[in-house]
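**Q** This is the structure, below, for whatever I ask next.
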Amino acid sequence: MPERPANERSKDFGEVNLGLTKEQAIAEAKRCLQCKNPSCVAGCPVGINIPGFIGAIANGDNNTALAILKEKNNLPAVCGRVCPQEYQCEKACILKQQNIPIAIGWLERYASDHGETSVQSPESGLRSPVSGLSVAVVGSGPAGLTAAGDLAKMGYAVTVYESLHAAGGVLRYGIPEFRLPSAVLDAQLQSLESLGVKIILNHLIGRTKTVPELFGEGYKAIFVGTGAGLPKFLNVPGENLNNVYSANEFLVRVNLMRAWQFPAYDTPVFIGGKVAVVGGGNTAMDAARVALRLGAKEVRLVYRRSRSEMPAREEEIQHAHEEGIHFEVLANPTRFIGNDAGFVKSLECIKMSLAEPDASGRRKPVEIAGSNFTIDIDMAIIAIGLSPNPVLPYLTKGLETMPDGHLKIDDNFMTAIPGVFAGGDIVGGDTVIRAMGMGKKAAQEIDNYLKTHS
Amino acid sequence: MNKIIFKQRLSENVVRIDVIAPVIATRAMAGQFVVLRVNDTGERIPLTIYSATETPGAIALIFQEVGATTKMLGALNAGDFIADIVGPLGRPATIASYDTVIVIGGGVGIAEALPVASALRKAGNRVIGITGARTKGLVILEAEMKAACDEVFVTTDDGTYGKKGFVTEQLQELLAKKISVGMIYAVGPVAMMRSVANLTKSYGIKTLVSLNPIMLDGTGMCGVCRCTIEGKTKFACVDGPEFDAHQVDWSELIARQSSFKTKEKESLERFHR
């Protein structure tokens, strides 16, 4: 994959990957064995006809390739950029056994970027409008947008309610411009709207309108995709010092509010000189690489396990490393230390070693007593994970949650409230594509439900 | 886009605007707020809802012009539009029957205290109001407070209007008279709320305050508005903004409010150019 050189790209927010050239794409597509029983399809959370779209690229027919992608995936330009293909389709590819799996993700991106969006395939599954049946979707992130698109294709009148002033959820506020350009997201949203999906912004369901009120307005079913928007903090001393951010706050300022263009855009963000990012997932990588691009001289990723345990996408870890981000592995924060004005000035950590695996299946990190050390910082970003946003269940009687805050759903994605379904991070997903997979299945279940309940 | 249908300057730096927001207008409750953006490059700021009218479906916001965004907002007029507004946010003020309550508003906090005073009166309480401003020219909403409360004490720091002194001095005088007070609600500058809290703690009177940390989304997803209440982290935008005044870590709140002082100064200088 052609990439911009690390020392150039780490100074701006332009996209890092440049996309395959036509020659590269066709050559790679021709490598696909077109297996009779393709193992890759089962590895895809939305069941894309992978040999199908790759075969079309091999024939030089990008329009058909895109149309095939869109049969199962409403946001292929997004997935082609952010899916962890190395754990999914590419891992299942038969050629993986020889260590040369087909670059399915790069091909997906190629087809999305070059295919003509208006072409629909005969398998697109468009049904004529089912009169009088409307469905509300709460949250315009990947789960909600996918459910909305599929329900619209099934003929339902769909309205998506978004609490922020721009749609996309984590695609908008979480993933930085240099991984997923907002222009690409806007184009994907437009193609959803052309399916008839209505998106209403600035509506926090639970406060602006309630779930019972939505039913009162005539919606026959509701899909909740409100996401994992509750930041996790370390709960160590000094965490509330100035310039200690949750990753959500940092990324919302930069990605959604475009603080990297301050003062042309009014939202500020502190430009740290020495930044510590705590965590090892995609959010931590995003936060570290954004801090670098804002002008940090030194960015350190502090992670309590080792590099091989990092859950981030391999490509992001590699790009972060190339761009000069230091990896302080097997280290965990013990406290933040501030100056007299209440701003953070250093971070004390303790070294860790890895013991037997814990509940997550990964080796458990254990403190090495007395190994504390301090690093000078002027900014910290806590990216240790997210919990489900508690606002909607708190405000909605009967919307039961698990002890960890995830919404309780049955095997049909239905919550404890009849007619209210849920998917994505709010029920325990953890990637864009898993959210989309759930949105897809939930749409199917809503369709089944409405056939028997309206 | 939301249209401004009314604009009024209440004092040198306090402005009222009424904005079309039909859905918010039908359900706003005392103590709740909105988050708005003036334009597409603007930042998101929280403003307390002063009042709402179902016809024509508008909410009134009263705010102080402090930095670039509030000054930009204060420069708009009826007929202009703001880009985005979301609400009503936050938990509504706790309105219960206490018998006698004291509602204290300092500076622009008078506008935030007023709807709560009205709601408490409606719930059957005898409401004593105390308002504080630096000087006569900054006294706002006096008639409205007198209409909402059973009794109002107006104070100014420099004595140019009403009684000379801080709201806490007036409060101290009242409490020394041993009147039976069930609850005290205070909203205004952080230093004022802290002073009220310190005073009422010694009297053991339940005191509620409306905190004003920096906010970003206002929906509980970023944590910038985190405060320490009774040793635990709470988000003012979804757990508050009202909290038990005796449980607030005031010095942390004050410190965190100055997080962006440098950038705020830069924005303000740019606005004035």
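Scheme for the structure tokens: letters A, B, ... for chains in order shown; per-chain residue numbers from 1; ligand numbers from 1 in order shown.
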For region 191-202 of chain B, list every protein, DNA or RNA residue within 12 Å, evaluated using only C-alpha atoms, and leave out those in the same chain fewer than 5 positions away; present the list as a PyMOL selection string.

**A** chain B and resi 102-107+109+130-133+166-176+181-186+207-212+242-255+257

**Q** I need the residues from that last selection saved to file as a CSV table (one decimal), in the first residue's frame (with N, CA and C atoms), if you can.

**A**
chain,number,residue,atom,x,y,z
B,102,ILE,N,-34.0,29.6,50.9
B,102,ILE,CA,-33.3,30.8,50.5
B,102,ILE,C,-32.7,30.5,49.2
B,103,VAL,N,-33.0,31.4,48.2
B,103,VAL,CA,-32.4,31.2,46.8
B,103,VAL,C,-31.4,32.4,46.6
B,104,ILE,N,-30.2,32.1,46.3
B,104,ILE,CA,-29.1,33.1,46.2
B,104,ILE,C,-28.6,33.1,44.7
B,105,GLY,N,-28.6,34.3,44.1
B,105,GLY,CA,-28.1,34.5,42.8
B,105,GLY,C,-27.0,35.5,42.8
B,106,GLY,N,-25.8,35.2,42.3
B,106,GLY,CA,-24.7,36.2,42.2
B,106,GLY,C,-24.4,36.5,40.8
B,107,GLY,N,-24.4,37.8,40.4
B,107,GLY,CA,-24.0,38.2,39.1
B,107,GLY,C,-25.0,37.6,38.1
B,109,GLY,N,-25.7,34.7,37.7
B,109,GLY,CA,-26.3,33.6,38.4
B,109,GLY,C,-27.7,33.9,38.9
B,130,ILE,N,-31.9,36.3,47.7
B,130,ILE,CA,-30.8,37.2,47.9
B,130,ILE,C,-30.0,37.3,46.6
B,131,THR,N,-29.9,38.6,46.1
B,131,THR,CA,-29.2,38.7,44.9
B,131,THR,C,-27.9,39.6,45.2
B,132,GLY,N,-26.9,39.3,44.4
B,132,GLY,CA,-25.6,40.1,44.6
B,132,GLY,C,-25.1,40.5,43.2
B,133,ALA,N,-24.6,41.8,43.2
B,133,ALA,CA,-23.9,42.2,42.0
B,133,ALA,C,-22.8,43.1,42.4
B,166,PHE,N,-21.4,41.5,50.5
B,166,PHE,CA,-21.6,40.2,49.7
B,166,PHE,C,-22.9,39.5,50.1
B,167,VAL,N,-23.3,38.6,49.2
B,167,VAL,CA,-24.5,37.8,49.5
B,167,VAL,C,-24.3,37.0,50.8
B,168,THR,N,-23.1,36.6,51.1
B,168,THR,CA,-22.9,35.8,52.3
B,168,THR,C,-23.1,36.6,53.5
B,169,GLU,N,-22.8,37.9,53.5
B,169,GLU,CA,-23.0,38.8,54.6
B,169,GLU,C,-24.5,38.9,54.9
B,170,GLN,N,-25.3,39.1,53.8
B,170,GLN,CA,-26.7,39.2,54.0
B,170,GLN,C,-27.3,37.8,54.5
B,171,LEU,N,-26.7,36.7,54.0
B,171,LEU,CA,-27.2,35.4,54.4
B,171,LEU,C,-26.9,35.2,55.9
B,172,GLN,N,-25.7,35.6,56.3
B,172,GLN,CA,-25.3,35.5,57.7
B,172,GLN,C,-26.3,36.2,58.6
B,173,GLU,N,-26.6,37.4,58.1
B,173,GLU,CA,-27.6,38.2,58.9
B,173,GLU,C,-28.9,37.5,59.1
B,174,LEU,N,-29.4,36.9,58.0
B,174,LEU,CA,-30.7,36.2,58.1
B,174,LEU,C,-30.6,35.0,59.0
B,175,LEU,N,-29.5,34.2,58.8
B,175,LEU,CA,-29.4,33.0,59.6
B,175,LEU,C,-29.2,33.3,61.1
B,176,ALA,N,-28.5,34.5,61.4
B,176,ALA,CA,-28.4,34.8,62.8
B,176,ALA,C,-29.7,35.1,63.5
B,181,VAL,N,-34.7,27.5,58.1
B,181,VAL,CA,-34.5,27.4,56.7
B,181,VAL,C,-34.3,25.9,56.3
B,182,GLY,N,-35.1,25.4,55.4
B,182,GLY,CA,-35.0,24.0,55.0
B,182,GLY,C,-34.0,23.7,54.0
B,183,MET,N,-33.7,24.7,53.1
B,183,MET,CA,-32.7,24.4,52.1
B,183,MET,C,-32.3,25.8,51.5
B,184,ILE,N,-31.0,25.8,51.1
B,184,ILE,CA,-30.5,27.0,50.5
B,184,ILE,C,-29.9,26.6,49.1
B,185,TYR,N,-30.4,27.4,48.1
B,185,TYR,CA,-29.9,27.1,46.7
B,185,TYR,C,-29.1,28.3,46.2
B,186,ALA,N,-27.9,28.0,45.8
B,186,ALA,CA,-27.0,29.2,45.4
B,186,ALA,C,-26.4,28.9,44.0
B,207,THR,N,-27.6,22.5,51.4
B,207,THR,CA,-27.3,23.6,50.4
B,207,THR,C,-27.0,22.9,49.1
B,208,LEU,N,-27.7,23.4,48.1
B,208,LEU,CA,-27.5,22.9,46.7
B,208,LEU,C,-26.9,24.0,45.8
B,209,VAL,N,-26.0,23.6,45.0
B,209,VAL,CA,-25.4,24.6,44.1
B,209,VAL,C,-25.5,24.1,42.6
B,210,SER,N,-25.4,25.0,41.6
B,210,SER,CA,-25.3,24.6,40.2
B,210,SER,C,-23.9,24.9,39.7
B,211,LEU,N,-23.2,23.8,39.5
B,211,LEU,CA,-21.8,24.0,39.1
B,211,LEU,C,-21.6,24.3,37.6
B,212,ASN,N,-20.5,25.0,37.4
B,212,ASN,CA,-20.3,25.5,36.0
B,212,ASN,C,-18.9,25.2,35.5
B,242,GLU,N,-26.5,20.2,39.3
B,242,GLU,CA,-26.8,20.5,40.7
B,242,GLU,C,-26.1,19.5,41.6
B,243,PHE,N,-25.4,19.9,42.7
B,243,PHE,CA,-24.8,19.0,43.6
B,243,PHE,C,-24.9,19.6,45.0
B,244,ASP,N,-24.7,18.7,46.0
B,244,ASP,CA,-24.6,19.1,47.4
B,244,ASP,C,-23.4,19.9,47.6
B,245,ALA,N,-23.6,21.2,48.0
B,245,ALA,CA,-22.5,22.1,48.1
B,245,ALA,C,-21.4,21.7,49.1
B,246,HIS,N,-21.8,21.0,50.1
B,246,HIS,CA,-20.9,20.6,51.2
B,246,HIS,C,-20.0,19.4,50.8
B,247,GLN,N,-20.3,18.8,49.6
B,247,GLN,CA,-19.5,17.7,49.1
B,247,GLN,C,-18.6,18.0,48.0
B,248,VAL,N,-18.6,19.3,47.5
B,248,VAL,CA,-17.9,19.7,46.3
B,248,VAL,C,-16.4,19.9,46.7
B,249,ASP,N,-15.5,19.4,45.8
B,249,ASP,CA,-14.1,19.8,45.9
B,249,ASP,C,-13.9,21.1,45.2
B,250,TRP,N,-14.1,22.2,45.9
B,250,TRP,CA,-14.1,23.5,45.3
B,250,TRP,C,-12.7,23.9,44.7
B,251,SER,N,-11.6,23.6,45.3
B,251,SER,CA,-10.4,24.1,44.8
B,251,SER,C,-10.0,23.4,43.5
B,252,GLU,N,-10.5,22.1,43.4
B,252,GLU,CA,-10.3,21.4,42.1
B,252,GLU,C,-11.1,22.0,41.0
B,253,LEU,N,-12.3,22.4,41.3
B,253,LEU,CA,-13.2,23.0,40.3
B,253,LEU,C,-12.6,24.3,39.8
B,254,ILE,N,-12.2,25.1,40.8
B,254,ILE,CA,-11.6,26.4,40.4
B,254,ILE,C,-10.4,26.2,39.6
B,255,ALA,N,-9.5,25.3,39.9
B,255,ALA,CA,-8.3,25.0,39.2
B,255,ALA,C,-8.6,24.6,37.7
B,257,GLN,N,-11.2,25.2,36.0
B,257,GLN,CA,-11.8,26.2,35.2
B,257,GLN,C,-10.8,27.0,34.4

**Q** Extract the full set of strand (DSSP E or B) residues from region 157-187 of chain B according to DSSP on the backbone, and format it as a list in words.

**A**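 Assigned to strand (DSSP E or B), within region 157-187 of chain B: Lys163, Lys164, Met183, Ile184, Tyr185, Ala186 and Val187 of chain B.
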
**Q** Would you list which chain B residues are within 8 Å of chain A using only C-alpha atoms, as a PDB file with N, CA and C atoms, in the first residue's frame?

**A**
ATOM      1  N   VAL B  23     -39.008  21.917  20.509  1.00  0.00           N
ATOM      2  CA  VAL B  23     -39.000  20.693  21.309  1.00  0.00           C
ATOM      3  C   VAL B  23     -38.429  20.979  22.694  1.00  0.00           C
ATOM      4  N   ILE B  24     -37.350  21.734  22.757  1.00  0.00           N
ATOM      5  CA  ILE B  24     -36.744  22.065  24.046  1.00  0.00           C
ATOM      6  C   ILE B  24     -37.732  22.863  24.891  1.00  0.00           C
ATOM      7  N   ARG B  27     -40.300  21.053  27.142  1.00  0.00           N
ATOM      8  CA  ARG B  27     -39.958  20.190  28.268  1.00  0.00           C
ATOM      9  C   ARG B  27     -38.831  20.688  29.152  1.00  0.00           C
ATOM     10  N   THR B  41     -17.788  27.200  12.765  1.00  0.00           N
ATOM     11  CA  THR B  41     -16.430  27.066  13.289  1.00  0.00           C
ATOM     12  C   THR B  41     -16.434  27.279  14.797  1.00  0.00           C
ATOM     13  N   GLY B  42     -17.625  27.455  15.349  1.00  0.00           N
ATOM     14  CA  GLY B  42     -17.738  27.793  16.761  1.00  0.00           C
ATOM     15  C   GLY B  42     -17.501  26.644  17.714  1.00  0.00           C
ATOM     16  N   GLU B  43     -17.254  26.988  18.961  1.00  0.00           N
ATOM     17  CA  GLU B  43     -17.141  25.964  19.987  1.00  0.00           C
ATOM     18  C   GLU B  43     -18.520  25.734  20.596  1.00  0.00           C
ATOM     19  N   ARG B  44     -18.636  24.602  21.298  1.00  0.00           N
ATOM     20  CA  ARG B  44     -19.899  24.265  21.965  1.00  0.00           C
ATOM     21  C   ARG B  44     -19.840  24.849  23.375  1.00  0.00           C
ATOM     22  N   ASP B  84     -26.407  25.578  15.965  1.00  0.00           N
ATOM     23  CA  ASP B  84     -26.912  24.356  16.590  1.00  0.00           C
ATOM     24  C   ASP B  84     -27.285  24.601  18.038  1.00  0.00           C
ATOM     25  N   ILE B  85     -28.288  23.885  18.519  1.00  0.00           N
ATOM     26  CA  ILE B  85     -28.639  23.940  19.927  1.00  0.00           C
ATOM     27  C   ILE B  85     -29.229  22.593  20.336  1.00  0.00           C
ATOM     28  N   VAL B  86     -28.784  22.056  21.471  1.00  0.00           N
ATOM     29  CA  VAL B  86     -29.296  20.756  21.927  1.00  0.00           C
ATOM     30  C   VAL B  86     -29.703  20.873  23.399  1.00  0.00           C
ATOM     31  N   GLY B  87     -30.804  20.209  23.757  1.00  0.00           N
ATOM     32  CA  GLY B  87     -31.255  20.247  25.140  1.00  0.00           C
ATOM     33  C   GLY B  87     -32.612  19.586  25.268  1.00  0.00           C
ATOM     34  N   PRO B  88     -33.248  19.664  26.432  1.00  0.00           N
ATOM     35  CA  PRO B  88     -32.673  20.240  27.644  1.00  0.00           C
ATOM     36  C   PRO B  88     -31.712  19.250  28.312  1.00  0.00           C
ATOM     37  N   LEU B  89     -30.566  19.738  28.728  1.00  0.00           N
ATOM     38  CA  LEU B  89     -29.537  18.862  29.280  1.00  0.00           C
ATOM     39  C   LEU B  89     -29.443  19.012  30.797  1.00  0.00           C
ATOM     40  N   LEU B 216     -18.020  20.313  26.930  1.00  0.00           N
ATOM     41  CA  LEU B 216     -17.713  20.131  25.507  1.00  0.00           C
ATOM     42  C   LEU B 216     -18.929  19.550  24.798  1.00  0.00           C
ATOM     43  N   ASP B 217     -19.278  18.288  25.081  1.00  0.00           N
ATOM     44  CA  ASP B 217     -20.443  17.721  24.407  1.00  0.00           C
ATOM     45  C   ASP B 217     -21.707  17.909  25.232  1.00  0.00           C
ATOM     46  N   THR B 219     -23.115  15.629  27.007  1.00  0.00           N
ATOM     47  CA  THR B 219     -23.916  14.404  27.021  1.00  0.00           C
ATOM     48  C   THR B 219     -23.241  13.283  27.798  1.00  0.00           C
ATOM     49  N   GLY B 220     -22.179  13.597  28.510  1.00  0.00           N
ATOM     50  CA  GLY B 220     -21.543  12.601  29.372  1.00  0.00           C
ATOM     51  C   GLY B 220     -20.471  11.759  28.720  1.00  0.00           C
ATOM     52  N   MET B 221     -20.001  12.141  27.524  1.00  0.00           N
ATOM     53  CA  MET B 221     -19.062  11.251  26.870  1.00  0.00           C
ATOM     54  C   MET B 221     -17.601  11.681  26.917  1.00  0.00           C
ATOM     55  N   CYS B 222     -17.274  12.867  27.459  1.00  0.00           N
ATOM     56  CA  CYS B 222     -15.871  13.255  27.366  1.00  0.00           C
ATOM     57  C   CYS B 222     -15.166  13.438  28.704  1.00  0.00           C
ATOM     58  N   GLY B 223     -15.887  13.776  29.756  1.00  0.00           N
ATOM     59  CA  GLY B 223     -15.285  13.901  31.076  1.00  0.00           C
ATOM     60  C   GLY B 223     -14.630  15.223  31.398  1.00  0.00           C
ATOM     61  N   VAL B 224     -14.693  16.216  30.502  1.00  0.00           N
ATOM     62  CA  VAL B 224     -14.033  17.489  30.810  1.00  0.00           C
ATOM     63  C   VAL B 224     -14.725  18.189  31.981  1.00  0.00           C
ATOM     64  N   ARG B 226     -15.725  16.911  34.669  1.00  0.00           N
ATOM     65  CA  ARG B 226     -15.660  16.076  35.870  1.00  0.00           C
ATOM     66  C   ARG B 226     -15.323  16.910  37.103  1.00  0.00           C
ATOM     67  N   VAL B 238     -24.200  15.351  33.214  1.00  0.00           N
ATOM     68  CA  VAL B 238     -25.241  14.322  33.302  1.00  0.00           C
ATOM     69  C   VAL B 238     -25.567  13.914  34.746  1.00  0.00           C
ATOM     70  N   GLU B 252     -10.467  22.131  43.361  1.00  0.00           N
ATOM     71  CA  GLU B 252     -10.257  21.412  42.105  1.00  0.00           C
ATOM     72  C   GLU B 252     -11.087  22.035  40.993  1.00  0.00           C
ATOM     73  N   ALA B 255      -9.504  25.293  39.932  1.00  0.00           N
ATOM     74  CA  ALA B 255      -8.284  25.049  39.158  1.00  0.00           C
ATOM     75  C   ALA B 255      -8.617  24.601  37.742  1.00  0.00           C
ATOM     76  N   ARG B 256      -9.561  23.687  37.607  1.00  0.00           N
ATOM     77  CA  ARG B 256      -9.898  23.138  36.295  1.00  0.00           C
ATOM     78  C   ARG B 256     -10.541  24.177  35.384  1.00  0.00           C
ATOM     79  N   SER B 259      -8.172  25.849  32.877  1.00  0.00           N
ATOM     80  CA  SER B 259      -7.434  24.984  31.949  1.00  0.00           C
ATOM     81  C   SER B 259      -7.024  25.674  30.655  1.00  0.00           C
ATOM     82  N   PHE B 260      -7.918  26.501  30.105  1.00  0.00           N
ATOM     83  CA  PHE B 260      -7.669  27.051  28.780  1.00  0.00           C
ATOM     84  C   PHE B 260      -7.466  28.562  28.795  1.00  0.00           C
ATOM     85  N   LYS B 263      -5.539  30.018  25.765  1.00  0.00           N
ATOM     86  CA  LYS B 263      -6.259  29.956  24.497  1.00  0.00           C
ATOM     87  C   LYS B 263      -7.445  30.915  24.501  1.00  0.00           C
ATOM     88  N   SER B 267      -8.227  33.796  21.791  1.00  0.00           N
ATOM     89  CA  SER B 267      -9.487  33.917  21.053  1.00  0.00           C
ATOM     90  C   SER B 267     -10.098  35.298  21.226  1.00  0.00           C
TER      91      SER B 267
END

**Q** As an MDAnalysis selection string, which residues of region 189-398 of chain A does DSSP assign to helix (DSSP H, G or I)?

**A** chainID A and resid 189:193 211:216 247:256 259:261 282:294 307:309 314:322 391:395

**Q** Hey, what's within 10 Å of Gln34 (chain A) if we count only C-alpha atoms and toss same-chain stuff fewer than 4 positions away? As a list in words, please?

**A**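 Here the answer would be Ala29, Lys30, Pro38, Ile50, Pro51, Gly52, Ile54 and Gly55 of chain A.
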
**Q** Output N, CA, C and O atoms of each residue in that selection to a file, as an mmCIF file, in the first residue's frame.

**A**
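Saved file part.cif follows:
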data_model
loop_
_atom_site.group_PDB
_atom_site.id
_atom_site.type_symbol
_atom_site.label_atom_id
_atom_site.label_comp_id
_atom_site.auth_asym_id
_atom_site.auth_seq_id
_atom_site.Cartn_x
_atom_site.Cartn_y
_atom_site.Cartn_z
ATOM 1 N N ALA A 29 -5.923 -8.383 -7.114
ATOM 2 C CA ALA A 29 -7.221 -9.055 -7.287
ATOM 3 C C ALA A 29 -7.062 -10.353 -8.066
ATOM 4 O O ALA A 29 -7.742 -11.354 -7.810
ATOM 5 N N LYS A 30 -6.120 -10.355 -9.009
ATOM 6 C CA LYS A 30 -5.934 -11.562 -9.836
ATOM 7 C C LYS A 30 -5.274 -12.677 -9.050
ATOM 8 O O LYS A 30 -5.334 -13.838 -9.438
ATOM 9 N N PRO A 38 -15.273 -20.202 -0.169
ATOM 10 C CA PRO A 38 -14.382 -19.158 0.346
ATOM 11 C C PRO A 38 -14.446 -19.050 1.863
ATOM 12 O O PRO A 38 -15.513 -18.811 2.420
ATOM 13 N N ILE A 50 -16.868 -11.621 -0.839
ATOM 14 C CA ILE A 50 -15.504 -11.165 -1.110
ATOM 15 C C ILE A 50 -14.977 -11.622 -2.466
ATOM 16 O O ILE A 50 -14.510 -10.799 -3.260
ATOM 17 N N PRO A 51 -15.076 -12.920 -2.786
ATOM 18 C CA PRO A 51 -14.588 -13.330 -4.111
ATOM 19 C C PRO A 51 -15.319 -12.580 -5.218
ATOM 20 O O PRO A 51 -14.730 -12.264 -6.254
ATOM 21 N N GLY A 52 -16.585 -12.264 -4.972
ATOM 22 C CA GLY A 52 -17.385 -11.547 -5.974
ATOM 23 C C GLY A 52 -16.811 -10.181 -6.292
ATOM 24 O O GLY A 52 -16.551 -9.851 -7.456
ATOM 25 N N ILE A 54 -13.888 -8.960 -5.517
ATOM 26 C CA ILE A 54 -12.503 -9.023 -5.970
ATOM 27 C C ILE A 54 -12.436 -9.448 -7.442
ATOM 28 O O ILE A 54 -11.638 -8.914 -8.235
ATOM 29 N N GLY A 55 -13.307 -10.383 -7.811
ATOM 30 C CA GLY A 55 -13.352 -10.816 -9.210
ATOM 31 C C GLY A 55 -13.685 -9.654 -10.139
ATOM 32 O O GLY A 55 -13.117 -9.518 -11.231
#

**Q** With distances taken over only C-alpha atoms, which residue among B:Glu269, B:Ala78, B:Met145, B:Thr228 lies nearest Lys3 (chain B)?

**A**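 Smallest separation from Lys3 (chain B) among the options: B:Ala78.
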
**Q** Pick out the closest residue to Gly14 (chain A) from this set: A:Lys220, A:Arg307, A:Lys351, A:Arg293. Count only C-alpha atoms.

**A** A:Arg293

**Q** Show which residues sit within 6 Å of Phe178 (chain A), as a list of chain:residue names. Count only C-alpha atoms, and ignore same-chain residues fewer than 5 positions away.

**A** A:Phe13, A:Gly14, A:Glu15, A:Val16

**Q** Could you dump the residues just selected with all heavy atoms as an mmCIF file, in the first residue's frame?

**A**
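Okay, part_36.cif is ready:
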data_model
loop_
_atom_site.group_PDB
_atom_site.id
_atom_site.type_symbol
_atom_site.label_atom_id
_atom_site.label_comp_id
_atom_site.auth_asym_id
_atom_site.auth_seq_id
_atom_site.Cartn_x
_atom_site.Cartn_y
_atom_site.Cartn_z
ATOM 1 N N PHE A 13 -2.631 16.473 8.807
ATOM 2 C CA PHE A 13 -3.743 15.548 8.991
ATOM 3 C C PHE A 13 -4.193 14.912 7.686
ATOM 4 O O PHE A 13 -5.285 14.341 7.607
ATOM 5 C CB PHE A 13 -4.916 16.280 9.676
ATOM 6 C CG PHE A 13 -4.689 16.438 11.151
ATOM 7 C CD1 PHE A 13 -3.795 17.385 11.641
ATOM 8 C CD2 PHE A 13 -5.341 15.618 12.064
ATOM 9 C CE1 PHE A 13 -3.560 17.510 13.004
ATOM 10 C CE2 PHE A 13 -5.116 15.737 13.427
ATOM 11 C CZ PHE A 13 -4.223 16.685 13.889
ATOM 12 N N GLY A 14 -3.356 14.999 6.651
ATOM 13 C CA GLY A 14 -3.703 14.348 5.392
ATOM 14 C C GLY A 14 -3.682 12.833 5.554
ATOM 15 O O GLY A 14 -2.982 12.295 6.407
ATOM 16 N N GLU A 15 -4.456 12.148 4.731
ATOM 17 C CA GLU A 15 -4.557 10.698 4.849
ATOM 18 C C GLU A 15 -3.186 10.038 4.681
ATOM 19 O O GLU A 15 -2.385 10.436 3.845
ATOM 20 C CB GLU A 15 -5.544 10.161 3.802
ATOM 21 C CG GLU A 15 -6.319 8.962 4.311
ATOM 22 C CD GLU A 15 -7.342 8.408 3.349
ATOM 23 O OE1 GLU A 15 -7.723 9.111 2.387
ATOM 24 O OE2 GLU A 15 -7.763 7.261 3.562
ATOM 25 N N VAL A 16 -2.921 9.022 5.506
ATOM 26 C CA VAL A 16 -1.611 8.350 5.496
ATOM 27 C C VAL A 16 -1.504 7.386 4.305
ATOM 28 O O VAL A 16 -0.546 7.403 3.541
ATOM 29 C CB VAL A 16 -1.387 7.596 6.818
ATOM 30 C CG1 VAL A 16 -0.176 6.702 6.740
ATOM 31 C CG2 VAL A 16 -1.247 8.593 7.963
#

**Q** One number please: CA of Gly280 (chain A) to CA of Asn99 (chain A), in Å, one decimal.

**A** 25.3 Å

**Q** I'd like to know which of B:Gly162, B:Gly90, B:Ile128, B:Phe81 is closest to Phe235 (chain B), using only C-alpha atoms.

**A** B:Gly90

**Q** Which residues, written as a PyMOL selection string, have at least one atom at most 6 Å from Ala92 (chain A), with only C-alpha atoms counted and residues fewer than 5 positions away on the same chain left out?

**A** chain A and resi 39-40+43

**Q** Compile the contact shell of region 400-415 of chain A as a compact mmCIF listing (two decimals) with C-alpha atoms, in the first residue's frame: residues with an atom at most 12 Å away, counting only C-alpha atoms, same-chain residues fewer than 2 positions apart removed.

**A**
# COMPACT_ATOMS: atom_id res chain seq x y z
CA ALA A 147 -29.33 -0.66 10.75
CA ALA A 221 -39.70 -0.09 16.49
CA ILE A 222 -36.57 1.58 17.78
CA PHE A 223 -32.91 0.63 17.34
CA VAL A 224 -30.52 1.93 20.00
CA GLY A 225 -26.91 2.42 18.93
CA THR A 226 -25.73 4.96 21.47
CA GLY A 227 -22.24 3.59 21.70
CA ALA A 228 -19.51 3.33 24.30
CA GLY A 229 -19.29 7.00 25.06
CA LEU A 230 -18.26 6.90 28.72
CA LEU A 386 -14.69 3.05 27.16
CA SER A 387 -17.84 1.94 28.91
CA PRO A 388 -21.39 2.17 27.58
CA ASN A 389 -22.90 5.64 27.83
CA PRO A 390 -25.33 5.43 30.76
CA VAL A 391 -27.61 8.38 29.92
CA LEU A 392 -30.31 6.59 27.91
CA PRO A 393 -30.77 3.59 30.24
CA TYR A 394 -30.75 5.95 33.25
CA LEU A 395 -33.57 7.98 31.72
CA THR A 396 -35.59 5.12 30.22
CA LYS A 397 -37.72 3.03 32.54
CA GLY A 398 -37.46 -0.65 31.74
CA ILE A 417 -38.56 -3.16 26.24
CA PRO A 418 -40.66 -4.75 23.49
CA GLY A 419 -39.91 -3.20 20.12
CA VAL A 420 -36.66 -1.62 21.32
CA PHE A 421 -33.55 -3.25 19.84
CA ALA A 422 -29.89 -2.47 20.36
CA GLY A 423 -26.48 -3.13 18.85
CA GLY A 424 -22.91 -1.91 18.70
CA ASP A 425 -20.74 -0.81 21.61
CA ILE A 426 -23.79 -0.23 23.81
CA VAL A 427 -24.25 -4.02 23.94
CA GLY A 428 -20.59 -4.98 23.91
CA GLY A 429 -19.15 -4.64 20.43
CA ASP A 430 -15.70 -3.09 20.19
CA GLY A 437 -22.54 -6.62 11.88
CA MET A 438 -24.88 -6.19 14.82
CA GLY A 439 -26.74 -3.34 13.11
CA LYS A 440 -27.29 -5.63 10.16
CA LYS A 441 -28.59 -8.55 12.23
CA ALA A 442 -30.75 -6.27 14.36
CA ALA A 443 -32.33 -4.78 11.23
CA GLN A 444 -33.27 -8.30 10.18
CA GLU A 445 -34.77 -8.97 13.61
CA ILE A 446 -36.71 -5.69 13.49
CA ASP A 447 -38.07 -6.71 10.10
CA ASN A 448 -39.19 -10.07 11.56
CA TYR A 449 -40.69 -8.34 14.59
